[in-house]
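Enquirer: What follows is query.cif, made up of mmCIF, N, CA, C and O atoms:
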data_input
#
loop_
_atom_site.group_PDB
_atom_site.id
_atom_site.type_symbol
_atom_site.label_atom_id
_atom_site.label_comp_id
_atom_site.auth_asym_id
_atom_site.auth_seq_id
_atom_site.Cartn_x
_atom_site.Cartn_y
_atom_site.Cartn_z
ATOM 1 N N TYR A 20 118.120 92.663 96.589
ATOM 2 C CA TYR A 20 117.065 93.628 96.853
ATOM 3 C C TYR A 20 115.702 92.965 97.060
ATOM 4 O O TYR A 20 114.711 93.659 97.190
ATOM 5 N N CYS A 21 115.677 91.651 97.056
ATOM 6 C CA CYS A 21 114.407 90.945 97.240
ATOM 7 C C CYS A 21 113.747 91.321 98.556
ATOM 8 O O CYS A 21 112.526 91.426 98.627
ATOM 9 N N CYS A 22 114.550 91.517 99.592
ATOM 10 C CA CYS A 22 114.009 91.863 100.912
ATOM 11 C C CYS A 22 113.148 93.114 100.838
ATOM 12 O O CYS A 22 112.075 93.175 101.436
ATOM 13 N N MET A 23 113.612 94.108 100.112
ATOM 14 C CA MET A 23 112.882 95.383 100.045
ATOM 15 C C MET A 23 111.505 95.195 99.429
ATOM 16 O O MET A 23 110.547 95.831 99.853
ATOM 17 N N PHE A 24 111.393 94.336 98.454
ATOM 18 C CA PHE A 24 110.123 94.180 97.755
ATOM 19 C C PHE A 24 109.238 93.108 98.384
ATOM 20 O O PHE A 24 108.023 93.249 98.414
ATOM 21 N N GLU A 25 109.831 92.051 98.896
ATOM 22 C CA GLU A 25 109.043 90.958 99.452
ATOM 23 C C GLU A 25 108.681 91.177 100.913
ATOM 24 O O GLU A 25 107.538 91.000 101.305
ATOM 25 N N VAL A 26 109.649 91.560 101.725
ATOM 26 C CA VAL A 26 109.410 91.692 103.165
ATOM 27 C C VAL A 26 108.841 93.070 103.517
ATOM 28 O O VAL A 26 107.888 93.189 104.276
ATOM 29 N N LEU A 27 109.420 94.119 102.944
ATOM 30 C CA LEU A 27 108.998 95.475 103.281
ATOM 31 C C LEU A 27 107.841 95.972 102.433
ATOM 32 O O LEU A 27 107.318 97.053 102.664
ATOM 33 N N ASN A 28 107.458 95.204 101.422
ATOM 34 C CA ASN A 28 106.359 95.583 100.519
ATOM 35 C C ASN A 28 106.578 96.940 99.858
ATOM 36 O O ASN A 28 105.652 97.725 99.712
ATOM 37 N N LEU A 29 107.799 97.220 99.485
ATOM 38 C CA LEU A 29 108.092 98.441 98.735
ATOM 39 C C LEU A 29 107.537 98.273 97.339
ATOM 40 O O LEU A 29 107.812 97.283 96.653
ATOM 41 N N ILE A 30 106.709 99.211 96.923
ATOM 42 C CA ILE A 30 106.023 99.108 95.643
ATOM 43 C C ILE A 30 106.516 100.214 94.714
ATOM 44 O O ILE A 30 106.607 101.376 95.112
ATOM 45 N N LEU A 31 106.847 99.807 93.499
ATOM 46 C CA LEU A 31 107.250 100.771 92.485
ATOM 47 C C LEU A 31 106.068 101.059 91.594
ATOM 48 O O LEU A 31 105.274 100.163 91.316
ATOM 49 N N PRO A 32 105.870 102.233 91.098
ATOM 50 C CA PRO A 32 106.673 103.432 91.327
ATOM 51 C C PRO A 32 106.434 103.993 92.722
ATOM 52 O O PRO A 32 105.387 103.783 93.337
ATOM 53 N N LEU A 33 107.436 104.682 93.223
ATOM 54 C CA LEU A 33 107.356 105.288 94.544
ATOM 55 C C LEU A 33 106.378 106.454 94.527
ATOM 56 O O LEU A 33 106.184 107.102 93.498
ATOM 57 N N ASN A 34 105.769 106.733 95.662
ATOM 58 C CA ASN A 34 104.833 107.858 95.715
ATOM 59 C C ASN A 34 105.602 109.178 95.789
ATOM 60 O O ASN A 34 106.832 109.200 95.920
ATOM 61 N N SER A 35 104.898 110.276 95.727
ATOM 62 C CA SER A 35 105.551 111.588 95.664
ATOM 63 C C SER A 35 106.332 111.904 96.934
ATOM 64 O O SER A 35 107.397 112.527 96.876
ATOM 65 N N PHE A 36 105.833 111.487 98.100
ATOM 66 C CA PHE A 36 106.567 111.728 99.345
ATOM 67 C C PHE A 36 107.888 110.971 99.348
ATOM 68 O O PHE A 36 108.935 111.532 99.699
ATOM 69 N N GLN A 37 107.878 109.709 98.947
ATOM 70 C CA GLN A 37 109.096 108.917 98.915
ATOM 71 C C GLN A 37 110.107 109.502 97.927
ATOM 72 O O GLN A 37 111.302 109.580 98.229
ATOM 73 N N CYS A 38 109.631 109.945 96.776
ATOM 74 C CA CYS A 38 110.523 110.560 95.779
ATOM 75 C C CYS A 38 111.128 111.855 96.307
ATOM 76 O O CYS A 38 112.323 112.111 96.132
ATOM 77 N N ALA A 39 110.304 112.667 96.959
ATOM 78 C CA ALA A 39 110.806 113.926 97.515
ATOM 79 C C ALA A 39 111.842 113.670 98.605
ATOM 80 O O ALA A 39 112.859 114.372 98.693
ATOM 81 N N LEU A 40 111.611 112.652 99.419
ATOM 82 C CA LEU A 40 112.566 112.314 100.478
ATOM 83 C C LEU A 40 113.889 111.852 99.891
ATOM 84 O O LEU A 40 114.958 112.292 100.323
ATOM 85 N N LEU A 41 113.833 110.982 98.896
ATOM 86 C CA LEU A 41 115.061 110.509 98.252
ATOM 87 C C LEU A 41 115.815 111.650 97.578
ATOM 88 O O LEU A 41 117.045 111.713 97.638
ATOM 89 N N ARG A 42 115.067 112.571 96.948
ATOM 90 C CA ARG A 42 115.708 113.742 96.337
ATOM 91 C C ARG A 42 116.388 114.603 97.389
ATOM 92 O O ARG A 42 117.505 115.072 97.201
ATOM 93 N N ARG A 43 115.712 114.830 98.512
ATOM 94 C CA ARG A 43 116.264 115.662 99.589
ATOM 95 C C ARG A 43 117.523 115.038 100.181
ATOM 96 O O ARG A 43 118.486 115.730 100.498
ATOM 97 N N LEU A 44 117.525 113.702 100.326
ATOM 98 C CA LEU A 44 118.683 113.004 100.876
ATOM 99 C C LEU A 44 119.758 112.743 99.828
ATOM 100 O O LEU A 44 120.875 112.362 100.181
ATOM 101 N N ASN A 45 119.396 112.924 98.564
ATOM 102 C CA ASN A 45 120.303 112.707 97.435
ATOM 103 C C ASN A 45 120.834 111.266 97.420
ATOM 104 O O ASN A 45 122.040 111.032 97.328
ATOM 105 N N VAL A 46 119.895 110.315 97.535
ATOM 106 C CA VAL A 46 120.247 108.897 97.511
ATOM 107 C C VAL A 46 119.301 108.141 96.591
ATOM 108 O O VAL A 46 118.215 108.614 96.263
ATOM 109 N N ALA A 47 119.738 106.951 96.195
ATOM 110 C CA ALA A 47 118.897 106.046 95.422
ATOM 111 C C ALA A 47 118.109 105.167 96.389
ATOM 112 O O ALA A 47 118.516 104.993 97.539
ATOM 113 N N PRO A 48 116.981 104.597 95.970
ATOM 114 C CA PRO A 48 116.201 103.746 96.870
ATOM 115 C C PRO A 48 117.003 102.610 97.491
ATOM 116 O O PRO A 48 116.809 102.254 98.641
ATOM 117 N N SER A 49 117.935 102.050 96.744
ATOM 118 C CA SER A 49 118.727 100.928 97.259
ATOM 119 C C SER A 49 119.747 101.351 98.312
ATOM 120 O O SER A 49 120.307 100.502 99.003
ATOM 121 N N GLN A 50 119.989 102.650 98.458
ATOM 122 C CA GLN A 50 120.971 103.128 99.423
ATOM 123 C C GLN A 50 120.401 103.302 100.827
ATOM 124 O O GLN A 50 121.163 103.486 101.768
ATOM 125 N N LEU A 51 119.081 103.239 100.974
ATOM 126 C CA LEU A 51 118.492 103.348 102.301
ATOM 127 C C LEU A 51 118.445 101.970 102.950
ATOM 128 O O LEU A 51 118.113 100.983 102.309
ATOM 129 N N HIS A 52 118.770 101.924 104.219
ATOM 130 C CA HIS A 52 118.725 100.683 104.993
ATOM 131 C C HIS A 52 117.261 100.235 105.116
ATOM 132 O O HIS A 52 116.362 101.076 105.177
ATOM 133 N N PRO A 53 117.004 98.934 105.151
ATOM 134 C CA PRO A 53 115.616 98.470 105.300
ATOM 135 C C PRO A 53 114.901 99.060 106.517
ATOM 136 O O PRO A 53 113.700 99.327 106.454
ATOM 137 N N ASN A 54 115.614 99.285 107.617
ATOM 138 C CA ASN A 54 114.981 99.906 108.785
ATOM 139 C C ASN A 54 114.530 101.331 108.475
ATOM 140 O O ASN A 54 113.512 101.791 108.985
ATOM 141 N N SER A 55 115.276 102.027 107.648
ATOM 142 C CA SER A 55 114.881 103.378 107.253
ATOM 143 C C SER A 55 113.627 103.339 106.395
ATOM 144 O O SER A 55 112.745 104.186 106.527
ATOM 145 N N TRP A 56 113.530 102.336 105.512
ATOM 146 C CA TRP A 56 112.329 102.192 104.697
ATOM 147 C C TRP A 56 111.117 101.897 105.577
ATOM 148 O O TRP A 56 110.010 102.356 105.308
ATOM 149 N N GLU A 57 111.323 101.127 106.643
ATOM 150 C CA GLU A 57 110.226 100.850 107.563
ATOM 151 C C GLU A 57 109.764 102.125 108.255
ATOM 152 O O GLU A 57 108.577 102.320 108.485
ATOM 153 N N MET A 58 110.695 103.000 108.586
ATOM 154 C CA MET A 58 110.336 104.276 109.209
ATOM 155 C C MET A 58 109.532 105.136 108.227
ATOM 156 O O MET A 58 108.542 105.766 108.612
ATOM 157 N N VAL A 59 109.942 105.155 106.974
ATOM 158 C CA VAL A 59 109.213 105.900 105.944
ATOM 159 C C VAL A 59 107.796 105.342 105.809
ATOM 160 O O VAL A 59 106.815 106.095 105.745
ATOM 161 N N ARG A 60 107.694 104.029 105.792
ATOM 162 C CA ARG A 60 106.388 103.388 105.658
ATOM 163 C C ARG A 60 105.488 103.685 106.861
ATOM 164 O O ARG A 60 104.308 103.999 106.703
ATOM 165 N N ALA A 61 106.043 103.597 108.062
ATOM 166 C CA ALA A 61 105.264 103.885 109.268
ATOM 167 C C ALA A 61 104.788 105.332 109.263
ATOM 168 O O ALA A 61 103.642 105.626 109.617
ATOM 169 N N PHE A 62 105.654 106.243 108.850
ATOM 170 C CA PHE A 62 105.306 107.656 108.780
ATOM 171 C C PHE A 62 104.154 107.868 107.803
ATOM 172 O O PHE A 62 103.198 108.581 108.094
ATOM 173 N N LYS A 63 104.241 107.209 106.648
ATOM 174 C CA LYS A 63 103.200 107.350 105.623
ATOM 175 C C LYS A 63 101.859 106.774 106.088
ATOM 176 O O LYS A 63 100.804 107.307 105.787
ATOM 177 N N VAL A 64 101.910 105.688 106.844
ATOM 178 C CA VAL A 64 100.688 105.049 107.325
ATOM 179 C C VAL A 64 100.027 105.881 108.428
ATOM 180 O O VAL A 64 98.805 106.003 108.481
ATOM 181 N N LEU A 65 100.818 106.464 109.309
ATOM 182 C CA LEU A 65 100.271 107.203 110.448
ATOM 183 C C LEU A 65 99.798 108.611 110.105
ATOM 184 O O LEU A 65 98.924 109.143 110.774
ATOM 185 N N TYR A 66 100.367 109.206 109.092
ATOM 186 C CA TYR A 66 100.062 110.614 108.809
ATOM 187 C C TYR A 66 98.598 110.905 108.469
ATOM 188 O O TYR A 66 98.091 111.950 108.848
ATOM 189 N N PRO A 67 97.861 110.025 107.783
ATOM 190 C CA PRO A 67 96.451 110.334 107.508
ATOM 191 C C PRO A 67 95.610 110.529 108.775
ATOM 192 O O PRO A 67 94.597 111.228 108.741
ATOM 193 N N PHE A 68 96.019 109.953 109.883
ATOM 194 C CA PHE A 68 95.279 110.127 111.124
ATOM 195 C C PHE A 68 95.352 111.560 111.644
ATOM 196 O O PHE A 68 94.568 111.969 112.479
ATOM 197 N N PHE A 69 96.325 112.330 111.153
ATOM 198 C CA PHE A 69 96.465 113.729 111.547
ATOM 199 C C PHE A 69 95.812 114.672 110.548
ATOM 200 O O PHE A 69 95.935 115.890 110.666
ATOM 201 N N ASN A 70 95.125 114.117 109.548
ATOM 202 C CA ASN A 70 94.416 114.889 108.521
ATOM 203 C C ASN A 70 95.305 115.904 107.814
ATOM 204 O O ASN A 70 94.916 117.054 107.608
ATOM 205 N N THR A 71 96.493 115.500 107.450
ATOM 206 C CA THR A 71 97.416 116.363 106.724
ATOM 207 C C THR A 71 98.305 115.503 105.821
ATOM 208 O O THR A 71 98.308 114.283 105.941
ATOM 209 N N GLN A 72 99.019 116.133 104.939
ATOM 210 C CA GLN A 72 99.916 115.431 104.036
ATOM 211 C C GLN A 72 101.296 115.279 104.674
ATOM 212 O O GLN A 72 101.753 116.180 105.359
ATOM 213 N N PRO A 73 101.969 114.147 104.454
ATOM 214 C CA PRO A 73 103.321 113.987 104.995
ATOM 215 C C PRO A 73 104.280 114.958 104.311
ATOM 216 O O PRO A 73 104.147 115.238 103.124
ATOM 217 N N SER A 74 105.212 115.479 105.089
ATOM 218 C CA SER A 74 106.203 116.389 104.515
ATOM 219 C C SER A 74 107.604 115.898 104.860
ATOM 220 O O SER A 74 107.826 115.290 105.913
ATOM 221 N N VAL A 75 108.530 116.166 103.973
ATOM 222 C CA VAL A 75 109.910 115.733 104.163
ATOM 223 C C VAL A 75 110.529 116.386 105.400
ATOM 224 O O VAL A 75 111.158 115.691 106.206
ATOM 225 N N PRO A 76 110.392 117.708 105.614
ATOM 226 C CA PRO A 76 110.990 118.300 106.825
ATOM 227 C C PRO A 76 110.453 117.686 108.124
ATOM 228 O O PRO A 76 111.220 117.439 109.060
ATOM 229 N N THR A 77 109.165 117.392 108.171
ATOM 230 C CA THR A 77 108.595 116.778 109.372
ATOM 231 C C THR A 77 109.149 115.377 109.573
ATOM 232 O O THR A 77 109.510 114.989 110.686
ATOM 233 N N PHE A 78 109.239 114.612 108.491
ATOM 234 C CA PHE A 78 109.796 113.268 108.603
ATOM 235 C C PHE A 78 111.233 113.314 109.093
ATOM 236 O O PHE A 78 111.612 112.556 109.992
ATOM 237 N N LEU A 79 112.052 114.193 108.523
ATOM 238 C CA LEU A 79 113.455 114.266 108.919
ATOM 239 C C LEU A 79 113.601 114.710 110.373
ATOM 240 O O LEU A 79 114.481 114.216 111.094
ATOM 241 N N TYR A 80 112.735 115.600 110.824
ATOM 242 C CA TYR A 80 112.767 116.029 112.226
ATOM 243 C C TYR A 80 112.453 114.848 113.151
ATOM 244 O O TYR A 80 113.177 114.588 114.115
ATOM 245 N N LEU A 81 111.379 114.109 112.849
ATOM 246 C CA LEU A 81 111.008 112.974 113.682
ATOM 247 C C LEU A 81 112.054 111.858 113.619
ATOM 248 O O LEU A 81 112.356 111.212 114.622
ATOM 249 N N PHE A 82 112.639 111.641 112.453
ATOM 250 C CA PHE A 82 113.679 110.620 112.296
ATOM 251 C C PHE A 82 114.889 110.982 113.143
ATOM 252 O O PHE A 82 115.461 110.123 113.813
ATOM 253 N N GLN A 83 115.266 112.250 113.136
ATOM 254 C CA GLN A 83 116.410 112.698 113.946
ATOM 255 C C GLN A 83 116.100 112.523 115.438
ATOM 256 O O GLN A 83 116.960 112.099 116.206
ATOM 257 N N MET A 84 114.875 112.823 115.834
ATOM 258 C CA MET A 84 114.489 112.667 117.233
ATOM 259 C C MET A 84 114.546 111.187 117.639
ATOM 260 O O MET A 84 114.958 110.860 118.753
ATOM 261 N N MET A 85 114.132 110.297 116.753
ATOM 262 C CA MET A 85 114.191 108.865 117.052
ATOM 263 C C MET A 85 115.644 108.403 117.189
ATOM 264 O O MET A 85 115.963 107.626 118.073
ATOM 265 N N LEU A 86 116.522 108.901 116.324
ATOM 266 C CA LEU A 86 117.918 108.490 116.373
ATOM 267 C C LEU A 86 118.612 108.971 117.635
ATOM 268 O O LEU A 86 119.480 108.284 118.182
ATOM 269 N N THR A 87 118.266 110.134 118.109
ATOM 270 C CA THR A 87 118.918 110.674 119.300
ATOM 271 C C THR A 87 118.267 110.174 120.586
ATOM 272 O O THR A 87 118.770 110.435 121.673
ATOM 273 N N GLY A 88 117.158 109.465 120.453
ATOM 274 C CA GLY A 88 116.502 108.905 121.624
ATOM 275 C C GLY A 88 115.650 109.888 122.399
ATOM 276 O O GLY A 88 115.290 109.632 123.548
ATOM 277 N N LYS A 89 115.306 111.008 121.783
ATOM 278 C CA LYS A 89 114.506 112.006 122.481
ATOM 279 C C LYS A 89 113.017 111.675 122.482
ATOM 280 O O LYS A 89 112.281 112.188 123.279
ATOM 281 N N ILE A 90 112.597 110.798 121.566
ATOM 282 C CA ILE A 90 111.229 110.290 121.606
ATOM 283 C C ILE A 90 111.281 108.781 121.468
ATOM 284 O O ILE A 90 112.201 108.227 120.875
ATOM 285 N N CYS A 91 110.354 108.105 122.033
ATOM 286 C CA CYS A 91 110.353 106.626 121.966
ATOM 287 C C CYS A 91 109.086 106.142 121.319
ATOM 288 O O CYS A 91 108.082 106.712 121.345
#
Mind turning the file's structure into structure tokens?
Expert:
Amino acid sequence: YCCMFEVLNLILPLNSFQCALLRRLNVAPSQLHPNSWEMVRAFKVLYPFFNTQPSVPTFLYLFQMMLTGKIC
């Protein structure tokens, strides 16, 4: 798990958005692929530019769109 903490800069304790996402997906932090953690991090970094709080439904919608190739 060194990669998650050293390369991806995952910091414990997780913030409320990350905890809510893990609860919604019903997974432990170690069960998410590092690329998925990068998507969570990018989402968290970009959301303040929209002057709103990140939400799990919005993240899951955008993640699904990225997986299906409907947005690039």
Enquirer: Mind checking which residues fall within 8 Å of Phe82 (chain A), counting only C-alpha atoms, ignoring those fewer than 4 positions away in the same chain, and posting them as a list in words?
Expert: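 Near Phe82 (chain A), the qualifying residues are Met58, Phe78 and Leu86 of chain A.
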Enquirer: Compile the contact shell of Val75 (chain A) as a PDB file with N, CA, C and O atoms, in the frame of the given file: residues with an atom at most 8 Å away, counting only C-alpha atoms, same-chain residues fewer than 3 positions apart removed.
Expert:
ATOM      1  N   PHE A  36     105.833 111.487  98.100  1.00  0.00           N
ATOM      2  CA  PHE A  36     106.567 111.728  99.345  1.00  0.00           C
ATOM      3  C   PHE A  36     107.888 110.971  99.348  1.00  0.00           C
ATOM      4  O   PHE A  36     108.935 111.532  99.699  1.00  0.00           O
ATOM      5  N   ALA A  39     110.304 112.667  96.959  1.00  0.00           N
ATOM      6  CA  ALA A  39     110.806 113.926  97.515  1.00  0.00           C
ATOM      7  C   ALA A  39     111.842 113.670  98.605  1.00  0.00           C
ATOM      8  O   ALA A  39     112.859 114.372  98.693  1.00  0.00           O
ATOM      9  N   LEU A  40     111.611 112.652  99.419  1.00  0.00           N
ATOM     10  CA  LEU A  40     112.566 112.314 100.478  1.00  0.00           C
ATOM     11  C   LEU A  40     113.889 111.852  99.891  1.00  0.00           C
ATOM     12  O   LEU A  40     114.958 112.292 100.323  1.00  0.00           O
ATOM     13  N   ARG A  43     115.712 114.830  98.512  1.00  0.00           N
ATOM     14  CA  ARG A  43     116.264 115.662  99.589  1.00  0.00           C
ATOM     15  C   ARG A  43     117.523 115.038 100.181  1.00  0.00           C
ATOM     16  O   ARG A  43     118.486 115.730 100.498  1.00  0.00           O
ATOM     17  N   PHE A  78     109.239 114.612 108.491  1.00  0.00           N
ATOM     18  CA  PHE A  78     109.796 113.268 108.603  1.00  0.00           C
ATOM     19  C   PHE A  78     111.233 113.314 109.093  1.00  0.00           C
ATOM     20  O   PHE A  78     111.612 112.556 109.992  1.00  0.00           O
ATOM     21  N   LEU A  79     112.052 114.193 108.523  1.00  0.00           N
ATOM     22  CA  LEU A  79     113.455 114.266 108.919  1.00  0.00           C
ATOM     23  C   LEU A  79     113.601 114.710 110.373  1.00  0.00           C
ATOM     24  O   LEU A  79     114.481 114.216 111.094  1.00  0.00           O
TER      25      LEU A  79
END
Enquirer: Between CA of Asn34 (chain A) and atom O of Met84 (chain A), what is the distance, to one decimal in Å?
Expert: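 Answer for the CA of Asn34 (chain A) to atom O of Met84 (chain A) separation: 25.3 Å.
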Enquirer: Please tell me which residues are no farther than 7 Å from (104.9, 107.7, 101.3) in the file, counting all atoms listed in the file, and write them as number ranges by chain.
Expert: A: 34-38, 59-60, 62-64
Enquirer: Output N, CA, C and O atoms of each residue in that selection to a file, as a PDB file, in the frame of the given file.
Expert:
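Below is the file that was written, selection_25.pdb:
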ATOM      1  N   ASN A  34     105.769 106.733  95.662  1.00  0.00           N
ATOM      2  CA  ASN A  34     104.833 107.858  95.715  1.00  0.00           C
ATOM      3  C   ASN A  34     105.602 109.178  95.789  1.00  0.00           C
ATOM      4  O   ASN A  34     106.832 109.200  95.920  1.00  0.00           O
ATOM      5  N   SER A  35     104.898 110.276  95.727  1.00  0.00           N
ATOM      6  CA  SER A  35     105.551 111.588  95.664  1.00  0.00           C
ATOM      7  C   SER A  35     106.332 111.904  96.934  1.00  0.00           C
ATOM      8  O   SER A  35     107.397 112.527  96.876  1.00  0.00           O
ATOM      9  N   PHE A  36     105.833 111.487  98.100  1.00  0.00           N
ATOM     10  CA  PHE A  36     106.567 111.728  99.345  1.00  0.00           C
ATOM     11  C   PHE A  36     107.888 110.971  99.348  1.00  0.00           C
ATOM     12  O   PHE A  36     108.935 111.532  99.699  1.00  0.00           O
ATOM     13  N   GLN A  37     107.878 109.709  98.947  1.00  0.00           N
ATOM     14  CA  GLN A  37     109.096 108.917  98.915  1.00  0.00           C
ATOM     15  C   GLN A  37     110.107 109.502  97.927  1.00  0.00           C
ATOM     16  O   GLN A  37     111.302 109.580  98.229  1.00  0.00           O
ATOM     17  N   CYS A  38     109.631 109.945  96.776  1.00  0.00           N
ATOM     18  CA  CYS A  38     110.523 110.560  95.779  1.00  0.00           C
ATOM     19  C   CYS A  38     111.128 111.855  96.307  1.00  0.00           C
ATOM     20  O   CYS A  38     112.323 112.111  96.132  1.00  0.00           O
ATOM     21  N   VAL A  59     109.942 105.155 106.974  1.00  0.00           N
ATOM     22  CA  VAL A  59     109.213 105.900 105.944  1.00  0.00           C
ATOM     23  C   VAL A  59     107.796 105.342 105.809  1.00  0.00           C
ATOM     24  O   VAL A  59     106.815 106.095 105.745  1.00  0.00           O
ATOM     25  N   ARG A  60     107.694 104.029 105.792  1.00  0.00           N
ATOM     26  CA  ARG A  60     106.388 103.388 105.658  1.00  0.00           C
ATOM     27  C   ARG A  60     105.488 103.685 106.861  1.00  0.00           C
ATOM     28  O   ARG A  60     104.308 103.999 106.703  1.00  0.00           O
ATOM     29  N   PHE A  62     105.654 106.243 108.850  1.00  0.00           N
ATOM     30  CA  PHE A  62     105.306 107.656 108.780  1.00  0.00           C
ATOM     31  C   PHE A  62     104.154 107.868 107.803  1.00  0.00           C
ATOM     32  O   PHE A  62     103.198 108.581 108.094  1.00  0.00           O
ATOM     33  N   LYS A  63     104.241 107.209 106.648  1.00  0.00           N
ATOM     34  CA  LYS A  63     103.200 107.350 105.623  1.00  0.00           C
ATOM     35  C   LYS A  63     101.859 106.774 106.088  1.00  0.00           C
ATOM     36  O   LYS A  63     100.804 107.307 105.787  1.00  0.00           O
ATOM     37  N   VAL A  64     101.910 105.688 106.844  1.00  0.00           N
ATOM     38  CA  VAL A  64     100.688 105.049 107.325  1.00  0.00           C
ATOM     39  C   VAL A  64     100.027 105.881 108.428  1.00  0.00           C
ATOM     40  O   VAL A  64      98.805 106.003 108.481  1.00  0.00           O
TER      41      VAL A  64
END
Enquirer: Could you please determine the separation between CA of Pro73 (chain A) and CA of Ala61 (chain A) in Å, to one decimal place?
Expert: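 Interatomic distance, CA of Pro73 (chain A) to CA of Ala61 (chain A): 11.1 Å.
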Enquirer: Take atom C of Ser74 (chain A) and atom O of Phe24 (chain A) and report the distance between them in Å, one decimal.
Expert: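 That distance, rounded to one decimal, is 23.6 Å.
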Enquirer: Taking all atoms of region 59-63 of chain A that the file lists and extending 6 Å past them on each side, where is the centre of the axis-aligned box and how long are its edges? Answer in Å to one decimal, as AutoDock Vina command-line options.
Expert:
--center_x 105.4 --center_y 106.0 --center_z 107.6 --size_x 21.1 --size_y 17.2 --size_z 16.0
Enquirer: Please give the complete set of residues from chain A that DSSP, run on the backbone, assigns to alpha helix (DSSP H), formatted as a ChimeraX atom specification.
Expert: /A:21-25,35-44,53-65,75-87
